[in-house]
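Below you'll find the structure, written out as structure tokens, and then a few comments.
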Protein chains: 2
Amino acid sequence: MFRTHTCGELRIDHKDNQVTLAGWVQTIRKFGAITFVDLRDRYGITQLVFNEILNTQLDDQPLGREFVLQASGKVLERTNKNQTIPTGEIEIEVTGFKILNKSATPPFTIQDDTDGGDDLRMKFRYLDLRRNAVKRNLELRYAVNRSARNYLHENAFMDIETPFLIKSTPEGARDFVVPSRMNTGQFYALPQSPQTFKQLLMVSGYDRYYQIVKCFRDEDLRADRQPEFTQIDCEMSFVEQEDILKMFEELIKRIFKDVKNIDYTDIIERMTWEDAMWQYGNDKPDIRFGMSICTLKKPATVFYDKADHAALINDAGFVVFDSAESVMAIAVPGGAAFTRKQLDELTEWVKRPQIGMKGLAYIRANEDGSYKSSIDKFYSEERLKAIAEASGAQKGDITLILAGAEERTRKAMSELRLEMGKQLGLRKEHEFKLLWVLDFPLFEYAEEENRWVARHHPFTSPKPSQIQTMIVNDPVIHDAANYLSHPYAQIKANAYDMVLNGNEIGGGSIRIYQRELQEKMFAALGMSQDEALHKFGFLLGAFEYGAPPHGGIAFGFDRLCSILGGSESIRDFIAFPKNNSGRDVMLDAPSTIDNSQLDELALIIKG
Amino acid sequence: MFRTHTCGELRIDHKDNQVTLAGWVQTIRKFGAITFVDLRDRYGITQLVFNEILNTQLDDQPLGREFVLQASGKVLERTNKNQTIPTGEIEIEVTGFKILNKSATPPFTIQDDTDGGDDLRMKFRYLDLRRNAVKRNLELRYAVNRSARNYLHENAFMDIETPFLIKSTPEGARDFVVPSRMNTGQFYALPQSPQTFKQLLMVSGYDRYYQIVKCFRDEDLRADRQPEFTQIDCEMSFVEQEDILKMFEELIKRIFKDVKNIDYTDIIERMTWEDAMWQYGNDKPDIRFGMSICTLKKPATVFYDKADHAALINDAGFVVFDSAESVMAIAVPGGAAFTRKQLDELTEWVKRPQIGMKGLAYIRANEDGSYKSSIDKFYSEERLKAIAEASGAQKGDITLILAGAEERTRKAMSELRLEMGKQLGLRKEHEFKLLWVLDFPLFEYAEEENRWVARHHPFTSPKPSQIQTMIVNDPVIHDAANYLSHPYAQIKANAYDMVLNGNEIGGGSIRIYQRELQEKMFAALGMSQDEALHKFGFLLGAFEYGAPPHGGIAFGFDRLCSILGGSESIRDFIAFPKNNSGRDVMLDAPSTIDNSQLDELALIIKG
């Protein structure tokens, strides 16, 4: 060992001990004949004092920032104590030292507020990883890992490793493939998730499975997506939806407790997918604040069971509202005080291509009880009041109104709500609010192909009461324009997402475990029987031999960590992330390979 | 929940409780109007009793083996108790049941002694996994996983995930590569180990790292090799070899305790690589038994420090020994009683191509004190006695002698020793004997290329005292015939292997952490400076910025589990293994992929 103690270990109780430390030179401060060095390692920082004699030696072997230093000496009580660090009461009077390795000057400072830009930090990731901010993230990640494993272990889950070199079954995202040298012309695929394997393990009777496992998706990377990412992947047998919800809300609560020391005692709210879309305009609402959406007008084809407030806006001769498919409003607390400039900025904001609205209408609910709006010309104050009240506005609030095509407007309203929440400081980093979103549609409509696609994945079970609807109806959509009236459009999935502060952190479902139903599902997705057998014959086969009812969930581990760490970026929580082009700029990967490697794989690169 | 209890849970204390169980039908036994069903799940087996009334219902809905059944009823005390299972004192008087899923007749029996052949079991792996024998293996694997994680956590190691899509650096085994769609013509590689990443983490100051992680090697598969395998991968900073040995022998002892309830209190033996080769003919000796090799004759170029017993065999006019480069012997306890037939069989055994010897000589040390041999014609009884005694033979033993080229003969003698150990029952499955093998050569000679290759890997440090030898000498081998006299041939590595019962279960080294030495190493391996920078520039770069002394080890997780489980095959300890052609026969992978996938990757398959 190059050390007797770590740099975070020594306390006043160690006074007069002879110790040896090893670590990195954080700072060097020279005061006349005395030099102070802060020595850093993973565990902390300890102050070293070099007296006059050693200073001469230091002149011969000068130290620099990030040098690796071994120093021996006696633990002294500091006269000038530093109460901000655990080792602040002591210092080491150095009697001997050795430079274990030198360091060039780092290309950026190893500090919380580094001067390194993103690209530089990624190229020198091994230096970036030295920064406290990044180290704390990886420590948090390990704590989440450890907490999850402990909880799952205590609940009889078994970690079972599933293979990485599997079969390509393009459905959903794109597979990364791996050419086989021993079977030239053939390819393995890297798993997008261990989905089918964990289901097979249930068929095999393993009852409760988990894995913290890398998954791979070859997608065009949006900001903050990684081609390889980590899931906490779980599956259970002989369960219904309620059992899964209970098991895994306790998992998240346990992580809150272990990692953040938060007692999450609130009952976790539940919301149907339809209510989430209706009230918040998206399927992962941030419920740390209200400001829910009031649908003033909607087309009859959506949200059958919900009533809009069309009477409040109709027959006023306002062509924008009259011609719009949908009109929606939110009431922003205190917004009556918004200046004209603020409202202009908001209008510009909703007109940006990312949001895509034509404009923004508003109604101020003034403190004096009057109502003023941008649509005064068409609506009497009484009607304005009625609209404002429908949106939930109190005195002093402002009602913001968007109009346009249903889907786009709802999405825009959702974005506007989140933006207002942010501007008003309602999305507090240290407040955590969990939500289950339930009852998703089983299918989504793929317009180009005029067919159904699985919203979750093809192994998700419909609600038990709707299995018959699925079995007896023909999945083919004969009238594309009215696809919403196809019986399949109404089938709800036995699926659930866990949402934390407006982010989906986990999702899962009760699975299909009957061969007949699984075959019907593949057919519904436009797969021929041959194709289904070719791709998923092993699973259909397994369902022949006593498959139990089962279900599971997978948590996005990177995302969960980033939210718990109070960051928007998952990259900060991955030791060696890739950039938005899928490159590892430190390694310079991907890269070309030798022709001999290509030859062995019998591959030629085109063009 | 489909159950109130598992099938392994109920005891006599539960008598009269109303319970619901769910599981698989193991056996059905009909006695007149009563039917007994053994219901199985992961946790155990519980006996169900169907009385006369339910028997009628059973006639309508007949059960079969491996059906998934849910049954409710009252816990009764059995009249006829089964003391061999924990639930054997009770049975369930069924009052209602439901068939949750049917099962076709499995293609082989779900029993310890299954009638399924290897191919069939692999194709239906999901059924094979139901067998107790396989389940126990995966449970053991999880127990080892859990034990290792706990120990490493308690010793301040952090699990840090390293990337899977990295850069191809062909050196050592062949990489699996992954074509990049976003960077066509470029490839990622799958890691053969996280070696360089864990070293970077040490440079980053993480101090103690571990991971239980999949690794990939595209090798021609020998029996019992898998293209993907799992390592317990560890690295520590500020350590010397002794620190690593201590830390990780405690890890293995902890695993013995947690998993097998074995207190391994023996001091773990240590042996240099040279002694291992000299005494046992291989670098991973099984030291559960003796029978060490006596080198009667060896060439002067090897084992400089060791003396052979050439005087005992020379000048006898026996041309086989005289013309052989090496002659070696072992003394087999009790072997004097071997029949002529047994010796003929042994002779055939050593003449098999896998062993490749020309013949086998022997000397019987008879109980009456006489010595009889197959080489009586050349050696007096006195000389036979001297040879036998040199080999360690006692009265009643037999000395077996092989002659030939040094390397081949030593290997053959090692194999013969193991075979004799096996035949004599000295390799006991339930005896565990650990051994550290130390002081490996740093380099091996690659004859075809007339250059040095790294025996371990290019990041392994030489012994501190030999760093200068490495730095000051030119690695080029000018006299290929005398490569052994090159100074590099004598350099020992700061490396260590942990051996368990004749299997290498782990290996590691103290690493190079100085840029100059690492560059010299790359040069020694015949890499140009450009090539070294292209492949490992990030590591050389990292060594510029304060790399600490560090070292580590990696354990072969699959192998460790198989030895602890008393099996020769690692496949039995992997949930979804591949066969010897690298195929997953259950999935039928690898397989062809769509042309559209190839197009996106800009790849053409040759021929």
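Identifiers for the structure tokens are assigned positionally: chains receive A, B, ... in sequence, residues are indexed from 1 per chain, and ligands are indexed from 1 in the order shown.
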
> Residues of chain A within 6 Å of chain B, using only C-alpha atoms, as an MDAnalysis selection string?
Replying inline: chainID A and resid 1:2 42 66:68 101:104 126:127 129:130 167 178 185:188 200 204:206 238:240 544:546 589:592 602:606

Would you put the residues from that selection into a file with N, CA and C atoms, as a short mmCIF file (atom, residue, chain, number, x, y, z; two decimals), in the first residue's frame?
data_model
loop_
_atom_site.label_atom_id
_atom_site.label_comp_id
_atom_site.auth_asym_id
_atom_site.auth_seq_id
_atom_site.Cartn_x
_atom_site.Cartn_y
_atom_site.Cartn_z
N MET A 1 0.83 -1.20 0.00
CA MET A 1 0.00 0.00 0.00
C MET A 1 0.87 1.25 0.00
N PHE A 2 0.48 2.19 -0.80
CA PHE A 2 1.21 3.45 -0.85
C PHE A 2 0.73 4.42 0.23
N ARG A 42 -10.37 10.28 -3.74
CA ARG A 42 -11.82 10.08 -3.83
C ARG A 42 -12.55 10.43 -2.54
N GLU A 66 -2.33 18.49 -9.95
CA GLU A 66 -2.65 17.13 -10.42
C GLU A 66 -1.46 16.17 -10.42
N PHE A 67 -0.33 16.59 -9.83
CA PHE A 67 0.75 15.64 -9.61
C PHE A 67 0.25 14.57 -8.63
N VAL A 68 0.76 13.36 -8.78
CA VAL A 68 0.43 12.30 -7.83
C VAL A 68 1.55 12.25 -6.79
N ASN A 101 3.95 10.46 -9.74
CA ASN A 101 3.77 10.73 -11.17
C ASN A 101 3.55 12.22 -11.36
N LYS A 102 4.07 12.73 -12.45
CA LYS A 102 3.87 14.14 -12.76
C LYS A 102 2.59 14.32 -13.57
N SER A 103 2.21 15.56 -13.71
CA SER A 103 1.06 15.86 -14.56
C SER A 103 1.34 17.08 -15.40
N ALA A 104 0.98 16.98 -16.67
CA ALA A 104 0.95 18.18 -17.50
C ALA A 104 -0.19 19.07 -16.99
N TYR A 126 -11.42 11.48 -18.73
CA TYR A 126 -10.74 10.97 -17.54
C TYR A 126 -10.36 12.09 -16.58
N LEU A 127 -10.22 13.32 -17.09
CA LEU A 127 -9.98 14.46 -16.20
C LEU A 127 -11.29 15.04 -15.70
N LEU A 129 -13.88 13.43 -15.10
CA LEU A 129 -14.38 12.52 -14.06
C LEU A 129 -13.76 12.82 -12.70
N ARG A 130 -12.66 13.58 -12.71
CA ARG A 130 -12.06 13.95 -11.42
C ARG A 130 -12.85 15.04 -10.71
N LYS A 167 -30.90 -12.23 -31.56
CA LYS A 167 -31.40 -12.26 -32.93
C LYS A 167 -32.05 -10.93 -33.26
N VAL A 178 -24.35 -7.30 -35.23
CA VAL A 178 -22.98 -7.75 -35.05
C VAL A 178 -22.72 -8.87 -36.05
N GLY A 185 -22.25 -13.84 -43.35
CA GLY A 185 -23.51 -13.43 -43.94
C GLY A 185 -24.63 -13.36 -42.93
N GLN A 186 -24.35 -13.86 -41.71
CA GLN A 186 -25.37 -13.80 -40.66
C GLN A 186 -24.94 -12.80 -39.58
N PHE A 187 -25.93 -12.34 -38.85
CA PHE A 187 -25.69 -11.30 -37.86
C PHE A 187 -26.37 -11.64 -36.54
N TYR A 188 -25.72 -11.27 -35.46
CA TYR A 188 -26.41 -11.16 -34.18
C TYR A 188 -26.99 -9.75 -34.09
N LEU A 200 -39.33 -15.53 -21.00
CA LEU A 200 -38.98 -16.96 -21.01
C LEU A 200 -38.62 -17.42 -19.59
N SER A 204 -40.07 -20.37 -17.46
CA SER A 204 -39.21 -21.37 -16.82
C SER A 204 -39.41 -21.46 -15.31
N GLY A 205 -40.27 -20.58 -14.78
CA GLY A 205 -40.60 -20.70 -13.36
C GLY A 205 -39.70 -19.91 -12.41
N TYR A 206 -38.93 -18.93 -12.93
CA TYR A 206 -38.03 -18.20 -12.02
C TYR A 206 -38.76 -17.17 -11.17
N PHE A 238 -47.42 -14.65 -11.76
CA PHE A 238 -48.63 -14.80 -10.94
C PHE A 238 -49.07 -13.47 -10.33
N VAL A 239 -48.94 -12.41 -11.11
CA VAL A 239 -49.32 -11.09 -10.62
C VAL A 239 -50.32 -10.43 -11.54
N GLU A 240 -51.04 -9.50 -10.95
CA GLU A 240 -51.89 -8.60 -11.71
C GLU A 240 -51.30 -7.20 -11.59
N GLU A 544 -46.56 -22.66 -25.37
CA GLU A 544 -47.22 -23.97 -25.50
C GLU A 544 -47.06 -24.82 -24.25
N TYR A 545 -46.06 -24.48 -23.43
CA TYR A 545 -45.66 -25.43 -22.39
C TYR A 545 -45.91 -24.90 -20.97
N GLY A 546 -47.05 -24.26 -20.80
CA GLY A 546 -47.36 -23.84 -19.44
C GLY A 546 -46.74 -22.51 -19.08
N ALA A 589 -14.23 6.65 -31.36
CA ALA A 589 -14.99 5.50 -31.83
C ALA A 589 -16.40 5.97 -32.19
N PRO A 590 -17.05 5.39 -33.23
CA PRO A 590 -16.53 4.28 -34.04
C PRO A 590 -15.39 4.73 -34.93
N SER A 591 -14.69 3.74 -35.50
CA SER A 591 -13.57 4.06 -36.38
C SER A 591 -13.49 2.99 -37.47
N THR A 592 -12.62 3.23 -38.42
CA THR A 592 -12.44 2.22 -39.46
C THR A 592 -11.76 0.99 -38.86
N ALA A 602 -16.45 -11.36 -44.27
CA ALA A 602 -17.01 -11.41 -45.63
C ALA A 602 -17.88 -10.19 -45.91
N LEU A 603 -17.39 -9.03 -45.52
CA LEU A 603 -18.15 -7.79 -45.72
C LEU A 603 -17.39 -6.83 -46.62
N ILE A 604 -18.15 -6.10 -47.41
CA ILE A 604 -17.58 -5.03 -48.23
C ILE A 604 -18.34 -3.75 -47.88
N ILE A 605 -17.58 -2.67 -47.76
CA ILE A 605 -18.23 -1.38 -47.50
C ILE A 605 -18.57 -0.73 -48.83
N LYS A 606 -19.80 -0.30 -48.94
CA LYS A 606 -20.31 0.26 -50.19
C LYS A 606 -19.72 1.64 -50.45
#

What's the 9 Å shell around region 571-573 of chain B, counting only C-alpha atoms, without same-chain residues fewer than 3 positions away, as a VMD selection string?
chain B and resid 133 to 134 137 to 138 140 to 141 224 to 226 558 to 559 561 to 562 565 567 to 568 576 to 579

| field | Contacts of region 293-296 of chain B within 6 Å, only C-alpha atoms, excl. fewer than 5 positions in-chain, as a list in words | value | Gln279, Tyr280, Asp308, His309, Ala310, Val327, Met328, Ala329, Ile330 and Ser391 of chain B

Requested in this report: Compile the contact shell of Pro458 (chain A) as a ChimeraX atom specification: residues with an atom at most 10 Å away, counting only C-alpha atoms, same-chain residues fewer than 5 positions apart removed.
Outcome: /A:171-172,442-443,453,511-512,518-519,521-522,524-525

How would the residues just picked look written out with all heavy atoms as an mmCIF file, in the first residue's frame?
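result_34.cif, freshly written:
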data_model
loop_
_atom_site.group_PDB
_atom_site.id
_atom_site.type_symbol
_atom_site.label_atom_id
_atom_site.label_comp_id
_atom_site.auth_asym_id
_atom_site.auth_seq_id
_atom_site.Cartn_x
_atom_site.Cartn_y
_atom_site.Cartn_z
ATOM 1 N N GLU A 171 -38.590 -4.318 -35.010
ATOM 2 C CA GLU A 171 -39.978 -4.020 -34.609
ATOM 3 C C GLU A 171 -39.768 -2.982 -33.531
ATOM 4 O O GLU A 171 -39.072 -3.234 -32.561
ATOM 5 C CB GLU A 171 -40.646 -5.287 -34.050
ATOM 6 C CG GLU A 171 -42.016 -5.097 -33.450
ATOM 7 C CD GLU A 171 -43.073 -4.846 -34.525
ATOM 8 O OE1 GLU A 171 -42.859 -5.236 -35.694
ATOM 9 O OE2 GLU A 171 -44.098 -4.252 -34.192
ATOM 10 N N GLY A 172 -40.285 -1.810 -33.754
ATOM 11 C CA GLY A 172 -39.935 -0.746 -32.825
ATOM 12 C C GLY A 172 -38.662 -0.095 -33.327
ATOM 13 O O GLY A 172 -38.541 0.200 -34.506
ATOM 14 N N LEU A 442 -53.795 0.238 -26.344
ATOM 15 C CA LEU A 442 -52.915 -0.880 -26.700
ATOM 16 C C LEU A 442 -52.231 -0.620 -28.048
ATOM 17 O O LEU A 442 -51.075 -0.956 -28.236
ATOM 18 C CB LEU A 442 -53.739 -2.174 -26.777
ATOM 19 C CG LEU A 442 -52.965 -3.467 -27.017
ATOM 20 C CD1 LEU A 442 -51.961 -3.727 -25.891
ATOM 21 C CD2 LEU A 442 -53.924 -4.656 -27.127
ATOM 22 N N PHE A 443 -52.985 0.017 -28.955
ATOM 23 C CA PHE A 443 -52.464 0.240 -30.306
ATOM 24 C C PHE A 443 -52.347 1.720 -30.620
ATOM 25 O O PHE A 443 -53.091 2.540 -30.092
ATOM 26 C CB PHE A 443 -53.407 -0.393 -31.345
ATOM 27 C CG PHE A 443 -53.503 -1.886 -31.245
ATOM 28 C CD1 PHE A 443 -54.633 -2.487 -30.687
ATOM 29 C CD2 PHE A 443 -52.472 -2.698 -31.695
ATOM 30 C CE1 PHE A 443 -54.729 -3.863 -30.591
ATOM 31 C CE2 PHE A 443 -52.563 -4.075 -31.602
ATOM 32 C CZ PHE A 443 -53.687 -4.658 -31.049
ATOM 33 N N VAL A 453 -49.786 -0.279 -34.790
ATOM 34 C CA VAL A 453 -48.498 -0.618 -34.180
ATOM 35 C C VAL A 453 -48.723 -0.686 -32.668
ATOM 36 O O VAL A 453 -49.659 -0.069 -32.138
ATOM 37 C CB VAL A 453 -47.386 0.415 -34.502
ATOM 38 C CG1 VAL A 453 -47.003 0.368 -35.961
ATOM 39 C CG2 VAL A 453 -47.810 1.824 -34.101
ATOM 40 N N ARG A 511 -48.193 -9.067 -19.326
ATOM 41 C CA ARG A 511 -47.885 -9.590 -20.655
ATOM 42 C C ARG A 511 -48.963 -10.555 -21.142
ATOM 43 O O ARG A 511 -49.677 -11.167 -20.343
ATOM 44 C CB ARG A 511 -46.562 -10.347 -20.653
ATOM 45 C CG ARG A 511 -45.479 -9.776 -19.800
ATOM 46 C CD ARG A 511 -45.069 -8.372 -20.186
ATOM 47 N NE ARG A 511 -43.963 -7.921 -19.331
ATOM 48 C CZ ARG A 511 -43.461 -6.707 -19.341
ATOM 49 N NH1 ARG A 511 -43.977 -5.757 -20.117
ATOM 50 N NH2 ARG A 511 -42.470 -6.373 -18.549
ATOM 51 N N ILE A 512 -48.982 -10.725 -22.423
ATOM 52 C CA ILE A 512 -49.748 -11.815 -23.022
ATOM 53 C C ILE A 512 -49.040 -13.119 -22.652
ATOM 54 O O ILE A 512 -47.810 -13.193 -22.712
ATOM 55 C CB ILE A 512 -49.796 -11.651 -24.550
ATOM 56 C CG1 ILE A 512 -50.561 -10.374 -24.924
ATOM 57 C CG2 ILE A 512 -50.417 -12.883 -25.208
ATOM 58 C CD1 ILE A 512 -50.457 -10.004 -26.392
ATOM 59 N N GLN A 518 -51.223 -14.059 -28.419
ATOM 60 C CA GLN A 518 -49.958 -13.517 -28.922
ATOM 61 C C GLN A 518 -49.925 -13.574 -30.450
ATOM 62 O O GLN A 518 -49.467 -12.642 -31.103
ATOM 63 C CB GLN A 518 -48.778 -14.282 -28.314
ATOM 64 C CG GLN A 518 -47.420 -13.679 -28.645
ATOM 65 C CD GLN A 518 -47.226 -12.303 -28.020
ATOM 66 O OE1 GLN A 518 -47.168 -12.154 -26.808
ATOM 67 N NE2 GLN A 518 -47.151 -11.266 -28.855
ATOM 68 N N GLU A 519 -50.439 -14.664 -30.997
ATOM 69 C CA GLU A 519 -50.494 -14.780 -32.459
ATOM 70 C C GLU A 519 -51.412 -13.727 -33.052
ATOM 71 O O GLU A 519 -51.104 -13.111 -34.073
ATOM 72 C CB GLU A 519 -50.958 -16.192 -32.861
ATOM 73 C CG GLU A 519 -49.852 -17.224 -32.689
ATOM 74 C CD GLU A 519 -50.277 -18.643 -33.067
ATOM 75 O OE1 GLU A 519 -51.443 -18.993 -32.799
ATOM 76 O OE2 GLU A 519 -49.443 -19.376 -33.597
ATOM 77 N N MET A 521 -51.998 -10.860 -31.749
ATOM 78 C CA MET A 521 -51.283 -9.587 -31.642
ATOM 79 C C MET A 521 -50.316 -9.412 -32.806
ATOM 80 O O MET A 521 -50.289 -8.363 -33.450
ATOM 81 C CB MET A 521 -50.542 -9.522 -30.303
ATOM 82 C CG MET A 521 -49.613 -8.337 -30.154
ATOM 83 S SD MET A 521 -50.416 -6.726 -30.345
ATOM 84 C CE MET A 521 -50.923 -6.413 -28.661
ATOM 85 N N PHE A 522 -49.533 -10.445 -33.090
ATOM 86 C CA PHE A 522 -48.598 -10.335 -34.216
ATOM 87 C C PHE A 522 -49.370 -10.066 -35.516
ATOM 88 O O PHE A 522 -48.969 -9.230 -36.334
ATOM 89 C CB PHE A 522 -47.757 -11.607 -34.349
ATOM 90 C CG PHE A 522 -46.726 -11.780 -33.250
ATOM 91 C CD1 PHE A 522 -46.462 -13.035 -32.706
ATOM 92 C CD2 PHE A 522 -46.004 -10.694 -32.761
ATOM 93 C CE1 PHE A 522 -45.506 -13.199 -31.710
ATOM 94 C CE2 PHE A 522 -45.054 -10.848 -31.763
ATOM 95 C CZ PHE A 522 -44.806 -12.099 -31.232
ATOM 96 N N ALA A 524 -52.253 -8.609 -35.780
ATOM 97 C CA ALA A 524 -52.788 -7.246 -35.701
ATOM 98 C C ALA A 524 -51.733 -6.226 -36.114
ATOM 99 O O ALA A 524 -52.047 -5.155 -36.632
ATOM 100 C CB ALA A 524 -53.272 -6.944 -34.286
ATOM 101 N N LEU A 525 -50.464 -6.567 -35.893
ATOM 102 C CA LEU A 525 -49.385 -5.645 -36.236
ATOM 103 C C LEU A 525 -48.909 -5.853 -37.675
ATOM 104 O O LEU A 525 -47.877 -5.322 -38.085
ATOM 105 C CB LEU A 525 -48.215 -5.825 -35.267
ATOM 106 C CG LEU A 525 -48.575 -5.634 -33.783
ATOM 107 C CD1 LEU A 525 -47.365 -5.909 -32.913
ATOM 108 C CD2 LEU A 525 -49.127 -4.236 -33.527
#

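Among the residues of region 482-588 of chain A, backbone DSSP assigns strand (DSSP E) to Ala495, Tyr496, Asp497, Met498, Val499, Leu500, Asn503, Glu504, Ile505, Gly506, Gly507, Gly508, Ser509, Ile510, His550, Gly551, Gly552, Ile553, Ala554, Phe555 and Gly556 of chain A.
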
Glu444 (chain B) environment, 12 Å, only C-alpha atoms, sequence neighbours closer than 4 positions dropped, as a PyMOL selection string: chain B and resi 440+449-458+483-484+486+488-493+524-525

Just the helix (DSSP H, G or I) stuff from region 366-597 of chain B, please, per backbone DSSP, written as a ChimeraX atom specification.
-> /B:381-390,406-423,464-472,480-485,487-490,515-524,529-542,557-564,571-573,595-597
